[in-house]
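J.: Mind having a look at this structure? Questions to follow.
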Amino acid sequence: MGDDPVVVFPPVPKNRHIIPLAIIGAIVAALTAAQALLIDWLPESASEQAGRTNTLLWFLFWASAVFFVIVTTVLIYSLVRFRAAPDDDSDGPPIHGNTMLEVVWTAVPSVVLIVAAIYGYVVLNRNEAVAADRLQVDVYAQQFTFTYGYPEAGIETGNLYVPVGRQVELDLRARDVIHDFWVPEYGIKGDAVPGIVHTIYINPTKVGTYPVVCAELCGVGHGVMRSKVIVMETAAFNAWLATAKGSVAGGAVAAASPAATPAPAAGTAAAAAGDAAAGKTIFAATCPGCHTNNGNAAGVGPKLAGAKLTAERVRNQVINGGGPMPGGLVSGADLDNVVAYVESIQ
């Protein structure tokens, strides 16, 4: 008989765990990356603060993803490769562990945490850097609306108008309960707390209209507490500001002039002296969170149009409040104008 053929087997890998670990790790990494890249997790960045904050968030995510892939890969492989038989109740073999692995597994995450802390400090410091030419705006939050005051111009609006490329200082104030001012595209939010002025800064980078959301549960109308931030080119913003100032100045002159509005006759409602057109503007800036479509539709508050409300009843409600409505939202000439507007839609 001749010699039997010699069968040569491939050498056994020194570490037989490497290949299956690599395969499992590649699958877990691909699924993790797909989840991160194929889903639009973050809104559009429309400010310098959002750009920096989102970059920091992605750094933290990918750093965490590396450790997630490693831990999940080893966990899955261990569950499959080293699982005990159903009837095996014995203790596992005593092992000391791996000193080098323990050192590396402690040192590397510590370094990542230190880097993340420094990076976060740099982002926070830059986001809160104050520009000398900033625009200062007072933000008033109340159930359930935002209003915006421009102290240099002496005006208030129901939407926030800002110029692109210029820093805006927002001084947040609450008139009743805790609210939270949040523009998702700006990557920053701030609480409005009664008795406290909380200042945040934004540097808009894109022209457009973005939603302002209350991110703090503030009552039954919290879900409709919305307004808008309208970012304009500098020239357009300056023109809008000049027009708004002129409108306020014209209204003030008319209100102060004895000939502008005749005195109400004895026994008639004082609201008759109000300007319904000016009242509509004030109503749109102050009341849209509860009274939808300028009071022409029901929202958190009732529909006012056609409700057959007397001027006295409207005045008392605005002054004293009632139900979810706080009192004292407007006063003086503004109160007269709002009452006149509500009368005009009856």
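Ordering of the structure tokens sets the chain letters (A, B, ...); residue numbers start at 1 within each chain; ligands are numbered from 1 in the order shown.
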Could you list, as a PyMOL selection string, every residue within 8 Å of Ile200 (chain A), counting only C-alpha atoms and ignoring same-chain residues fewer than 5 positions away?

T.: chain A and resi 128+169-172+189-190

J.: Kindly save the residues from that selection, with N, CA, C and O atoms included, as a PDB file, in the first residue's frame.

T.:
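Output below, filename result.pdb:
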```pdb
ATOM      1  N   GLU A 128     -21.626  82.645  25.593  1.00  0.00           N
ATOM      2  CA  GLU A 128     -22.034  83.716  26.499  1.00  0.00           C
ATOM      3  C   GLU A 128     -21.163  84.964  26.378  1.00  0.00           C
ATOM      4  O   GLU A 128     -21.291  85.875  27.183  1.00  0.00           O
ATOM      5  N   GLU A 169     -29.403  90.356  22.976  1.00  0.00           N
ATOM      6  CA  GLU A 169     -29.496  90.038  24.407  1.00  0.00           C
ATOM      7  C   GLU A 169     -30.967  89.933  24.776  1.00  0.00           C
ATOM      8  O   GLU A 169     -31.730  90.887  24.614  1.00  0.00           O
ATOM      9  N   LEU A 170     -31.363  88.771  25.271  1.00  0.00           N
ATOM     10  CA  LEU A 170     -32.749  88.546  25.667  1.00  0.00           C
ATOM     11  C   LEU A 170     -32.819  88.486  27.183  1.00  0.00           C
ATOM     12  O   LEU A 170     -32.251  87.585  27.807  1.00  0.00           O
ATOM     13  N   ASP A 171     -33.505  89.447  27.781  1.00  0.00           N
ATOM     14  CA  ASP A 171     -33.693  89.480  29.230  1.00  0.00           C
ATOM     15  C   ASP A 171     -35.067  88.883  29.533  1.00  0.00           C
ATOM     16  O   ASP A 171     -36.102  89.515  29.297  1.00  0.00           O
ATOM     17  N   LEU A 172     -35.061  87.670  30.069  1.00  0.00           N
ATOM     18  CA  LEU A 172     -36.292  86.912  30.250  1.00  0.00           C
ATOM     19  C   LEU A 172     -36.931  87.239  31.595  1.00  0.00           C
ATOM     20  O   LEU A 172     -36.280  87.189  32.635  1.00  0.00           O
ATOM     21  N   LYS A 189     -31.862  77.621  25.369  1.00  0.00           N
ATOM     22  CA  LYS A 189     -33.136  77.957  25.979  1.00  0.00           C
ATOM     23  C   LYS A 189     -32.861  78.590  27.337  1.00  0.00           C
ATOM     24  O   LYS A 189     -31.761  78.480  27.883  1.00  0.00           O
ATOM     25  N   GLY A 190     -33.875  79.264  27.862  1.00  0.00           N
ATOM     26  CA  GLY A 190     -33.699  79.918  29.157  1.00  0.00           C
ATOM     27  C   GLY A 190     -35.000  79.988  29.918  1.00  0.00           C
ATOM     28  O   GLY A 190     -36.064  80.254  29.337  1.00  0.00           O
TER      29      GLY A 190
END
```

J.: Mind the document's chain letters and residue numbers, and return as a ChimeraX atom specification the residues of region 70-132 of chain A that DSSP labels helix (DSSP H, G or I).

T.: /A:70-81,99-127

J.: Point out the residue among A:Gln35, A:Ser45, A:Thr73, A:Gln317 with the least atom-to-atom distance to Val207 (chain A), counting only C-alpha atoms.

T.: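 Using only C-alpha atoms, the shortest distance to Val207 (chain A) belongs to A:Ser45.
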
J.: What's the 9 Å shell around Phe181 (chain A), counting only C-alpha atoms, without same-chain residues fewer than 6 positions away, as an NGL selection string?

T.: :A and (139 or 141 or 146 or 172 or 188-192 or 212-216)

J.: Listing only residues of region 82-165 of chain A within 10 Å of region 232-248 of chain A, what is the closest atom pair and its distance in Å (to one decimal) for each, using only C-alpha atoms, sorted by chain and residue number ascending, as a Markdown table?

T.:
```
| residue | atom | partner | partner_atom | distance |
| --- | --- | --- | --- | --- |
| A:Tyr150 | CA | A:Leu241 | CA | 9.3 |
| A:Glu152 | CA | A:Lys245 | CA | 9.8 |
| A:Ala153 | CA | A:Lys245 | CA | 6.0 |
| A:Gly154 | CA | A:Lys245 | CA | 7.2 |
| A:Ile155 | CA | A:Lys245 | CA | 6.7 |
| A:Glu156 | CA | A:Ala244 | CA | 9.1 |
| A:Thr157 | CA | A:Ala244 | CA | 9.3 |
| A:Tyr161 | CA | A:Met232 | CA | 7.3 |
| A:Val162 | CA | A:Met232 | CA | 6.2 |
| A:Pro163 | CA | A:Met232 | CA | 4.9 |
| A:Val164 | CA | A:Glu233 | CA | 5.6 |
| A:Gly165 | CA | A:Thr234 | CA | 8.1 |
```
